[in-house]
Amino acid sequence: MRLTVVGNPGNRRVDLFTRAVLAAGLPRPQVLPWADVLTGAAPPEAGVVVRIDSPGEDAEVDRLLRRSASPARHGELIGLADTYAGLLRGLDRVAAGGAELLNDPADVAVLCDKRRCHARLSAAGVPVPAALPPVHGWAQLRSAMAAARWSRVFVKPAHGSSAAGVVALAVARGRVQAITTIETTPDGLFNSLRPRRYTDETEVAAIVDRIAGDGLHVERWLPKAGLGDRVVDLRVVAVAGRPTHAVVRAARGPLTNLHLGNARGDLAELRAAAGPAAWAAAMETCERVARCFPRTLQVGIDLMFLLGWRRHAVAEVNAFGDLLPGVLADGRDTYAEQVRALTDGRWTRWRSASGREPTHVGAAGREVLACAV
């Protein structure tokens, strides 16, 4: 098997996948830098199996994706729609050589647009939070919330990731509260690792209006179940249609992403709180999510149990959501699990069972989750 990784050299995602490939006794994969893809490098040829990894965490790649003359300032929220357009161009270039892609470009295009992803999941019967019709600024948002009689929503950039630009908004009795990672300056918006609380409506309106230019997706804020004094949700990674790894994200606020200083929770405790029936139903939902993207080897699913633990919903699905350091199932991390799926035929069987082969141009059991360590 000839493997190539499209990624940023030296990035831990690329390094962890390479380590898993070598541990399986396979030849070291070639790394095709995103920067080279975006500046005209030849794509992988037919006969090569290609993993496309995240283009993030590289200022020059970000500049190339946005087709900007200068890099963004550190943490700056800028050009999210342009970045998405650049990603699609890059995917088309990677696919043009006829290689077998483990991330289907058409699937990635949906996964990286929260509006399209929500629509696909909803059409498939996956439980998701209700969403507002398209809104393009603060005035429309307030009007749509009033029409829906919603007092709490999550306002999400259509193409954001890692909670960048997300606003958890509550409106009650004429008062506004917004919790977000956004830090405002006179000449830009910046993503911070420390969530901030804004209560001045004029300031909140200005934030929403500024992020609306790149597209918004607005969902109803559903109350999550909690353990102890923290609310919790899950990142579940499904490989070849099967949920294999999960990590509990526990937070005292509405934004649970671990990189924001939140804690990993106890998976066994969460499963006990949910109970066998609710847990099995949630894992069945994860399988249904994976079937929405049958030409893609892995997806990262953000799943939340709601208050009372009887119901659950999928908040997001991530194209590059398999970075769960230290989370093992049967002794394998998420990358080793993907390599195993490639070598033991599971990927081929699952793809064939879906009835859809992966596109080459610009397209099980539930008791498998082990503990997070």
# chains A, B, ... in the order shown; residues from 1 in each chain; ligands from 1
call {"tool": "select_by_dssp", "arguments": {"residues": "region 190-304 of chain A", "states": "helix (DSSP H, G or I)", "output": "PyMOL selection string"}}
result
chain A and resi 201-214+258-260+267-274+276-291
call {"tool": "residues_around", "arguments": {"residues": "Ala164 (chain A)", "least_positions_apart": "6", "cutoff": "9 Å", "atoms": "only C-alpha atoms", "output": "ChimeraX atom specification"}}
result
/A:77,156-157,180-182,190-192
call {"tool": "write_last_selection", "arguments": {"atoms": "C-alpha atoms", "output": "PDB file, in the first residue's frame"}}
result
ATOM      1  CA  LEU A  77     -10.701  35.797  12.745  1.00  0.00           C
ATOM      2  CA  LYS A 156     -21.726  29.785  14.705  1.00  0.00           C
ATOM      3  CA  PRO A 157     -19.575  30.920  11.798  1.00  0.00           C
ATOM      4  CA  THR A 180     -17.606  33.606  23.247  1.00  0.00           C
ATOM      5  CA  THR A 181     -13.908  33.205  22.572  1.00  0.00           C
ATOM      6  CA  ILE A 182     -14.001  36.381  20.499  1.00  0.00           C
ATOM      7  CA  PHE A 190      -9.406  37.696  17.506  1.00  0.00           C
ATOM      8  CA  ASN A 191      -9.920  34.176  18.787  1.00  0.00           C
ATOM      9  CA  SER A 192      -8.908  33.798  22.421  1.00  0.00           C
TER      10      SER A 192
END
call {"tool": "closest_residue", "arguments": {"among": "A:Leu260, A:Leu342, A:Ala251, A:Val135", "to": "Arg194 (chain A)", "atoms": "only C-alpha atoms"}}
result
A:Leu260
call {"tool": "closest_residue", "arguments": {"among": "A:Gly241, A:Pro223, A:Gly86, A:Gly228", "to": "Leu307 (chain A)", "atoms": "only C-alpha atoms"}}
result
A:Pro223
call {"tool": "residues_around", "arguments": {"residues": "Met1 (chain A)", "least_positions_apart": "6", "cutoff": "8 Å", "atoms": "only C-alpha atoms", "output": "ChimeraX atom specification"}}
result
/A:26-27,48-49
call {"tool": "atom_distance", "arguments": {"atom1": "CA of Val14 (chain A)", "atom2": "CA of Asp104 (chain A)"}}
result
18.3 Å
call {"tool": "residues_around", "arguments": {"residues": "Val21 (chain A)", "least_positions_apart": "6", "cutoff": "8 Å", "atoms": "only C-alpha atoms", "output": "list of chain:residue names"}}
result
A:Pro27, A:Arg28, A:Pro29, A:Ala336, A:Val339
call {"tool": "closest_residue", "arguments": {"among": "A:Asp214, A:Glu201, A:Glu316, A:Glu100", "to": "Ala85 (chain A)", "atoms": "only C-alpha atoms"}}
result
A:Asp214
call {"tool": "residues_around", "arguments": {"residues": "Val166 (chain A)", "least_positions_apart": "4", "cutoff": "12 Å", "atoms": "only C-alpha atoms", "output": "PyMOL selection string"}}
result
chain A and resi 77+114+153-162+178-183+190-192+195-196+207-208+211-212+216-219+254-257
call {"tool": "write_last_selection", "arguments": {"atoms": "C-alpha atoms", "output": "compact mmCIF listing (two decimals), in the first residue's frame"}}
result
# COMPACT_ATOMS: atom_id res chain seq x y z
CA LEU A 77 -10.70 35.80 12.75
CA LYS A 114 -22.17 23.90 9.20
CA VAL A 153 -29.01 30.07 20.69
CA PHE A 154 -25.55 29.22 19.48
CA VAL A 155 -24.39 31.56 16.74
CA LYS A 156 -21.73 29.79 14.70
CA PRO A 157 -19.57 30.92 11.80
CA ALA A 158 -20.57 28.69 8.89
CA HIS A 159 -16.95 27.67 8.28
CA GLY A 160 -15.36 27.93 11.72
CA SER A 161 -13.71 25.24 13.81
CA SER A 162 -12.52 24.69 17.39
CA ALA A 178 -23.01 36.42 25.08
CA ILE A 179 -20.23 33.97 25.94
CA THR A 180 -17.61 33.61 23.25
CA THR A 181 -13.91 33.21 22.57
CA ILE A 182 -14.00 36.38 20.50
CA GLU A 183 -11.86 39.27 21.66
CA PHE A 190 -9.41 37.70 17.51
CA ASN A 191 -9.92 34.18 18.79
CA SER A 192 -8.91 33.80 22.42
CA PRO A 195 -14.05 32.67 26.86
CA ARG A 196 -15.38 36.15 27.48
CA ILE A 207 -19.63 41.18 17.04
CA VAL A 208 -22.46 39.30 15.32
CA ILE A 211 -18.80 37.63 11.81
CA ALA A 212 -21.95 37.50 9.69
CA LEU A 216 -23.75 32.21 9.98
CA HIS A 217 -25.45 29.07 11.23
CA VAL A 218 -27.72 29.53 14.27
CA GLU A 219 -28.98 26.63 16.37
CA PRO A 254 -21.36 26.42 27.39
CA LEU A 255 -18.15 26.01 25.33
CA THR A 256 -16.72 22.55 26.04
CA ASN A 257 -13.72 22.39 23.70
call {"tool": "residues_around", "arguments": {"residues": "Ser54 (chain A)", "least_positions_apart": "4", "cutoff": "10 Å", "atoms": "only C-alpha atoms", "output": "JSON, numbers by chain"}}
result
{"A": [6, 7, 8, 11, 13, 14, 34, 58, 87, 319, 320, 321]}
call {"tool": "write_last_selection", "arguments": {"atoms": "all heavy atoms", "output": "tab-separated table (two decimals), in the first residue's frame"}}
result
chain	number	residue	atom	x	y	z
A	6	VAL	N	-1.61	14.40	2.82
A	6	VAL	CA	-1.63	15.83	2.52
A	6	VAL	C	-1.80	16.56	3.85
A	6	VAL	O	-2.83	16.42	4.52
A	6	VAL	CB	-2.77	16.19	1.55
A	6	VAL	CG1	-2.82	17.70	1.33
A	6	VAL	CG2	-2.61	15.45	0.24
A	7	GLY	N	-0.78	17.28	4.25
A	7	GLY	CA	-0.83	17.92	5.56
A	7	GLY	C	0.29	18.94	5.69
A	7	GLY	O	1.00	19.25	4.72
A	8	ASN	N	0.47	19.44	6.88
A	8	ASN	CA	1.54	20.39	7.16
A	8	ASN	C	2.70	19.66	7.84
A	8	ASN	O	2.52	19.12	8.93
A	8	ASN	CB	1.03	21.52	8.06
A	8	ASN	CG	-0.02	22.37	7.38
A	8	ASN	OD1	0.02	22.57	6.16
A	8	ASN	ND2	-0.99	22.87	8.14
A	11	ASN	N	3.47	18.88	11.72
A	11	ASN	CA	2.26	18.98	12.53
A	11	ASN	C	2.02	17.66	13.25
A	11	ASN	O	2.27	16.58	12.71
A	11	ASN	CB	1.07	19.32	11.64
A	11	ASN	CG	-0.19	19.59	12.43
A	11	ASN	OD1	-0.89	18.66	12.81
A	11	ASN	ND2	-0.49	20.85	12.66
A	13	ARG	N	-0.61	16.02	13.87
A	13	ARG	CA	-1.55	15.13	13.21
A	13	ARG	C	-0.80	14.24	12.21
A	13	ARG	O	-1.00	13.02	12.17
A	13	ARG	CB	-2.62	15.93	12.49
A	13	ARG	CG	-3.52	16.77	13.39
A	13	ARG	CD	-4.41	17.68	12.56
A	13	ARG	NE	-5.25	18.52	13.39
A	13	ARG	CZ	-6.46	18.20	13.81
A	13	ARG	NH1	-6.97	17.01	13.47
A	13	ARG	NH2	-7.17	19.02	14.56
A	14	VAL	N	0.04	14.87	11.41
A	14	VAL	CA	0.82	14.12	10.42
A	14	VAL	C	1.77	13.16	11.12
A	14	VAL	O	1.91	11.99	10.71
A	14	VAL	CB	1.59	15.09	9.51
A	14	VAL	CG1	2.54	14.33	8.59
A	14	VAL	CG2	0.62	15.95	8.71
A	34	TRP	N	0.56	20.97	2.33
A	34	TRP	CA	-0.54	21.80	1.86
A	34	TRP	C	-0.02	23.00	1.08
A	34	TRP	O	-0.61	23.42	0.07
A	34	TRP	CB	-1.39	22.27	3.03
A	34	TRP	CG	-2.60	21.42	3.29
A	34	TRP	CD1	-2.82	20.60	4.34
A	34	TRP	CD2	-3.76	21.33	2.46
A	34	TRP	NE1	-4.05	19.99	4.24
A	34	TRP	CE2	-4.64	20.42	3.08
A	34	TRP	CE3	-4.14	21.92	1.26
A	34	TRP	CZ2	-5.89	20.09	2.55
A	34	TRP	CZ3	-5.39	21.59	0.72
A	34	TRP	CH2	-6.24	20.70	1.35
A	58	ASP	N	-1.02	26.67	10.44
A	58	ASP	CA	0.11	27.10	9.63
A	58	ASP	C	-0.25	28.43	8.99
A	58	ASP	O	-1.16	28.50	8.16
A	58	ASP	CB	0.43	26.06	8.55
A	58	ASP	CG	1.71	26.38	7.79
A	58	ASP	OD1	1.72	27.40	7.06
A	58	ASP	OD2	2.69	25.62	7.91
A	87	LEU	N	-9.88	25.81	0.58
A	87	LEU	CA	-9.85	24.38	0.89
A	87	LEU	C	-10.46	23.58	-0.25
A	87	LEU	O	-9.91	22.55	-0.66
A	87	LEU	CB	-10.61	24.13	2.19
A	87	LEU	CG	-10.83	22.66	2.57
A	87	LEU	CD1	-9.50	21.96	2.86
A	87	LEU	CD2	-11.75	22.55	3.78
A	319	ALA	N	-14.62	17.15	9.91
A	319	ALA	CA	-13.84	16.44	8.90
A	319	ALA	C	-12.48	16.03	9.43
A	319	ALA	O	-11.93	15.00	9.02
A	319	ALA	CB	-13.67	17.32	7.67
A	320	PHE	N	-11.92	16.82	10.34
A	320	PHE	CA	-10.58	16.56	10.87
A	320	PHE	C	-10.64	16.44	12.39
A	320	PHE	O	-9.83	17.02	13.11
A	320	PHE	CB	-9.63	17.69	10.44
A	320	PHE	CG	-9.66	17.99	8.97
A	320	PHE	CD1	-10.15	19.20	8.48
A	320	PHE	CD2	-9.23	17.04	8.04
A	320	PHE	CE1	-10.19	19.48	7.12
A	320	PHE	CE2	-9.26	17.31	6.67
A	320	PHE	CZ	-9.75	18.53	6.21
A	321	GLY	N	-11.59	15.65	12.87
A	321	GLY	CA	-11.86	15.58	14.30
A	321	GLY	C	-11.28	14.38	15.01
A	321	GLY	O	-11.79	13.98	16.07
call {"tool": "select_by_dssp", "arguments": {"residues": "region 125-178 of chain A", "states": "strand (DSSP E or B)", "output": "list in words"}}
result
Ala131, Arg152, Val153, Phe154, Val155, Lys156, Pro157, Val167, Ala168, Leu169, Ala170, Val171, Ala172, Arg175, Val176, Gln177 and Ala178 of chain A
call {"tool": "write_last_selection", "arguments": {"atoms": "N, CA, C and O atoms", "output": "short mmCIF file (atom, residue, chain, number, x, y, z; two decimals), in the first residue's frame"}}
result
data_model
loop_
_atom_site.label_atom_id
_atom_site.label_comp_id
_atom_site.auth_asym_id
_atom_site.auth_seq_id
_atom_site.Cartn_x
_atom_site.Cartn_y
_atom_site.Cartn_z
N ALA A 131 -32.59 24.64 13.82
CA ALA A 131 -31.82 25.78 13.33
C ALA A 131 -32.75 26.87 12.82
O ALA A 131 -33.86 26.59 12.33
N ARG A 152 -32.40 31.34 23.77
CA ARG A 152 -30.97 30.98 23.82
C ARG A 152 -30.59 30.26 22.53
O ARG A 152 -31.27 29.31 22.11
N VAL A 153 -29.50 30.68 21.93
CA VAL A 153 -29.01 30.07 20.69
C VAL A 153 -27.50 30.02 20.70
O VAL A 153 -26.84 30.73 21.46
N PHE A 154 -26.97 29.19 19.82
CA PHE A 154 -25.55 29.22 19.48
C PHE A 154 -25.43 29.84 18.10
O PHE A 154 -26.02 29.34 17.14
N VAL A 155 -24.67 30.90 18.02
CA VAL A 155 -24.39 31.56 16.74
C VAL A 155 -23.01 31.09 16.30
O VAL A 155 -22.01 31.33 16.98
N LYS A 156 -22.97 30.41 15.15
CA LYS A 156 -21.73 29.79 14.70
C LYS A 156 -21.32 30.31 13.33
O LYS A 156 -22.16 30.36 12.42
N PRO A 157 -20.05 30.67 13.16
CA PRO A 157 -19.57 30.92 11.80
C PRO A 157 -19.78 29.68 10.94
O PRO A 157 -19.51 28.56 11.39
N VAL A 167 -20.66 32.06 19.36
CA VAL A 167 -21.26 32.90 20.38
C VAL A 167 -22.43 32.15 21.01
O VAL A 167 -23.38 31.78 20.32
N ALA A 168 -22.35 31.89 22.32
CA ALA A 168 -23.47 31.32 23.06
C ALA A 168 -24.28 32.50 23.57
O ALA A 168 -23.86 33.23 24.46
N LEU A 169 -25.47 32.68 23.00
CA LEU A 169 -26.24 33.90 23.21
C LEU A 169 -27.52 33.61 23.97
O LEU A 169 -28.28 32.70 23.62
N ALA A 170 -27.77 34.40 25.00
CA ALA A 170 -29.01 34.32 25.77
C ALA A 170 -29.65 35.70 25.83
O ALA A 170 -28.97 36.70 26.10
N VAL A 171 -30.95 35.75 25.57
CA VAL A 171 -31.71 37.00 25.60
C VAL A 171 -32.92 36.78 26.50
O VAL A 171 -33.71 35.86 26.26
N ALA A 172 -33.07 37.60 27.50
CA ALA A 172 -34.20 37.44 28.42
C ALA A 172 -34.54 38.79 29.04
O ALA A 172 -33.65 39.50 29.51
N ARG A 175 -32.52 41.80 28.29
CA ARG A 175 -31.10 41.77 28.62
C ARG A 175 -30.41 40.72 27.75
O ARG A 175 -30.97 39.67 27.44
N VAL A 176 -29.17 41.00 27.41
CA VAL A 176 -28.40 40.15 26.52
C VAL A 176 -27.15 39.67 27.23
O VAL A 176 -26.49 40.44 27.95
N GLN A 177 -26.82 38.38 27.03
CA GLN A 177 -25.55 37.85 27.51
C GLN A 177 -24.95 36.97 26.42
O GLN A 177 -25.64 36.09 25.88
N ALA A 178 -23.71 37.21 26.09
CA ALA A 178 -23.01 36.42 25.08
C ALA A 178 -21.71 35.90 25.66
O ALA A 178 -20.93 36.67 26.23
#
call {"tool": "residues_around", "arguments": {"residues": "Val289 (chain A)", "least_positions_apart": "2", "cutoff": "12 Å", "atoms": "only C-alpha atoms", "output": "VMD selection string"}}
result
chain A and resid 107 111 117 to 118 120 to 128 236 to 243 282 to 287 291 to 294 296 298 to 303 313 to 318
call {"tool": "write_last_selection", "arguments": {"atoms": "N, CA and C atoms", "output": "short mmCIF file (atom, residue, chain, number, x, y, z; two decimals), in the first residue's frame"}}
result
data_model
loop_
_atom_site.label_atom_id
_atom_site.label_comp_id
_atom_site.auth_asym_id
_atom_site.auth_seq_id
_atom_site.Cartn_x
_atom_site.Cartn_y
_atom_site.Cartn_z
N ASP A 107 -17.68 15.13 0.56
CA ASP A 107 -18.00 15.00 1.98
C ASP A 107 -17.35 16.11 2.80
N LEU A 111 -18.92 18.78 5.39
CA LEU A 111 -18.49 18.79 6.79
C LEU A 111 -17.95 20.14 7.22
N CYS A 117 -23.97 20.71 6.50
CA CYS A 117 -23.86 19.52 7.34
C CYS A 117 -25.13 19.32 8.15
N HIS A 118 -25.64 20.38 8.75
CA HIS A 118 -26.88 20.29 9.53
C HIS A 118 -28.03 19.79 8.65
N ARG A 120 -27.85 17.95 5.92
CA ARG A 120 -27.68 16.54 5.56
C ARG A 120 -28.05 15.63 6.73
N LEU A 121 -27.61 15.99 7.91
CA LEU A 121 -27.93 15.17 9.08
C LEU A 121 -29.44 15.16 9.33
N SER A 122 -30.05 16.32 9.27
CA SER A 122 -31.48 16.41 9.51
C SER A 122 -32.26 15.57 8.50
N ALA A 123 -31.87 15.62 7.24
CA ALA A 123 -32.55 14.84 6.21
C ALA A 123 -32.42 13.35 6.45
N ALA A 124 -31.33 12.94 7.11
CA ALA A 124 -31.10 11.52 7.40
C ALA A 124 -31.74 11.07 8.70
N GLY A 125 -32.44 11.96 9.37
CA GLY A 125 -33.10 11.60 10.62
C GLY A 125 -32.20 11.62 11.83
N VAL A 126 -31.02 12.21 11.71
CA VAL A 126 -30.12 12.33 12.86
C VAL A 126 -30.66 13.42 13.78
N PRO A 127 -30.75 13.17 15.09
CA PRO A 127 -31.22 14.23 15.99
C PRO A 127 -30.21 15.36 16.09
N VAL A 128 -30.63 16.55 15.70
CA VAL A 128 -29.79 17.74 15.75
C VAL A 128 -30.61 18.88 16.35
N VAL A 236 -16.84 11.87 19.63
CA VAL A 236 -16.80 10.47 19.23
C VAL A 236 -16.18 10.39 17.84
N VAL A 237 -15.19 9.53 17.68
CA VAL A 237 -14.59 9.30 16.37
C VAL A 237 -15.13 7.99 15.82
N ALA A 238 -15.71 8.07 14.62
CA ALA A 238 -16.19 6.87 13.93
C ALA A 238 -15.23 6.56 12.79
N VAL A 239 -14.79 5.31 12.74
CA VAL A 239 -13.84 4.86 11.71
C VAL A 239 -14.52 3.77 10.89
N ALA A 240 -14.58 3.97 9.58
CA ALA A 240 -15.23 3.02 8.67
C ALA A 240 -16.62 2.67 9.18
N GLY A 241 -17.35 3.68 9.60
CA GLY A 241 -18.74 3.50 9.98
C GLY A 241 -18.99 3.08 11.40
N ARG A 242 -17.94 2.86 12.18
CA ARG A 242 -18.08 2.33 13.53
C ARG A 242 -17.53 3.31 14.56
N PRO A 243 -18.32 3.69 15.56
CA PRO A 243 -17.76 4.52 16.63
C PRO A 243 -16.75 3.74 17.44
N ALA A 282 -27.30 6.33 21.47
CA ALA A 282 -26.36 7.37 21.04
C ALA A 282 -25.33 6.82 20.07
N MET A 283 -24.84 5.61 20.33
CA MET A 283 -23.86 5.02 19.42
C MET A 283 -24.50 4.65 18.09
N GLU A 284 -25.76 4.26 18.11
CA GLU A 284 -26.47 4.02 16.86
C GLU A 284 -26.58 5.31 16.05
N THR A 285 -26.82 6.42 16.74
CA THR A 285 -26.84 7.71 16.05
C THR A 285 -25.49 8.01 15.42
N CYS A 286 -24.40 7.71 16.12
CA CYS A 286 -23.07 7.94 15.55
C CYS A 286 -22.86 7.11 14.30
N GLU A 287 -23.37 5.89 14.29
CA GLU A 287 -23.28 5.07 13.09
C GLU A 287 -24.07 5.70 11.95
N ARG A 291 -22.79 7.04 8.24
CA ARG A 291 -23.39 6.63 6.97
C ARG A 291 -23.76 7.82 6.10
N CYS A 292 -23.84 9.01 6.70
CA CYS A 292 -24.07 10.22 5.90
C CYS A 292 -22.84 10.60 5.09
N PHE A 293 -21.69 10.02 5.44
CA PHE A 293 -20.42 10.35 4.77
C PHE A 293 -19.70 9.05 4.42
N PRO A 294 -20.31 8.22 3.55
CA PRO A 294 -19.82 6.85 3.35
C PRO A 294 -18.55 6.74 2.53
N THR A 296 -15.86 8.58 3.29
CA THR A 296 -14.82 9.17 4.13
C THR A 296 -14.50 8.23 5.28
N GLN A 298 -13.03 8.52 8.28
CA GLN A 298 -13.32 8.87 9.67
C GLN A 298 -14.02 10.21 9.76
N VAL A 299 -14.86 10.34 10.78
CA VAL A 299 -15.46 11.63 11.12
C VAL A 299 -15.43 11.78 12.63
N GLY A 300 -15.33 13.03 13.10
CA GLY A 300 -15.39 13.34 14.52
C GLY A 300 -16.74 13.94 14.85
N ILE A 301 -17.47 13.30 15.76
CA ILE A 301 -18.85 13.66 16.04
C ILE A 301 -18.95 14.29 17.43
N ASP A 302 -19.52 15.49 17.50
CA ASP A 302 -19.78 16.13 18.78
C ASP A 302 -21.20 15.79 19.20
N LEU A 303 -21.31 14.94 20.22
CA LEU A 303 -22.60 14.41 20.64
C LEU A 303 -22.89 14.84 22.07
N ALA A 313 -28.36 14.58 21.07
CA ALA A 313 -28.35 15.29 19.79
C ALA A 313 -26.91 15.45 19.33
N VAL A 314 -26.75 15.61 18.03
CA VAL A 314 -25.44 15.83 17.43
C VAL A 314 -25.27 17.32 17.18
N ALA A 315 -24.26 17.91 17.79
CA ALA A 315 -24.03 19.35 17.65
C ALA A 315 -23.26 19.66 16.37
N GLU A 316 -22.24 18.86 16.05
CA GLU A 316 -21.43 19.09 14.86
C GLU A 316 -20.79 17.78 14.43
N VAL A 317 -20.33 17.76 13.19
CA VAL A 317 -19.50 16.66 12.68
C VAL A 317 -18.28 17.28 12.03
N ASN A 318 -17.12 16.74 12.35
CA ASN A 318 -15.84 17.36 11.98
C ASN A 318 -15.08 16.50 10.97
#
call {"tool": "closest_residue", "arguments": {"among": "A:Val204, A:Ala250, A:Ala109, A:Ala59", "to": "Glu76 (chain A)", "atoms": "only C-alpha atoms"}}
result
A:Ala59
call {"tool": "atom_distance", "arguments": {"atom1": "CA of Ala95 (chain A)", "atom2": "CA of Pro44 (chain A)"}}
result
7.8 Å
call {"tool": "closest_residue", "arguments": {"among": "A:Leu227, A:Asp62, A:Ala69, A:Arg210", "to": "Thr83 (chain A)", "atoms": "only C-alpha atoms"}}
result
A:Asp62
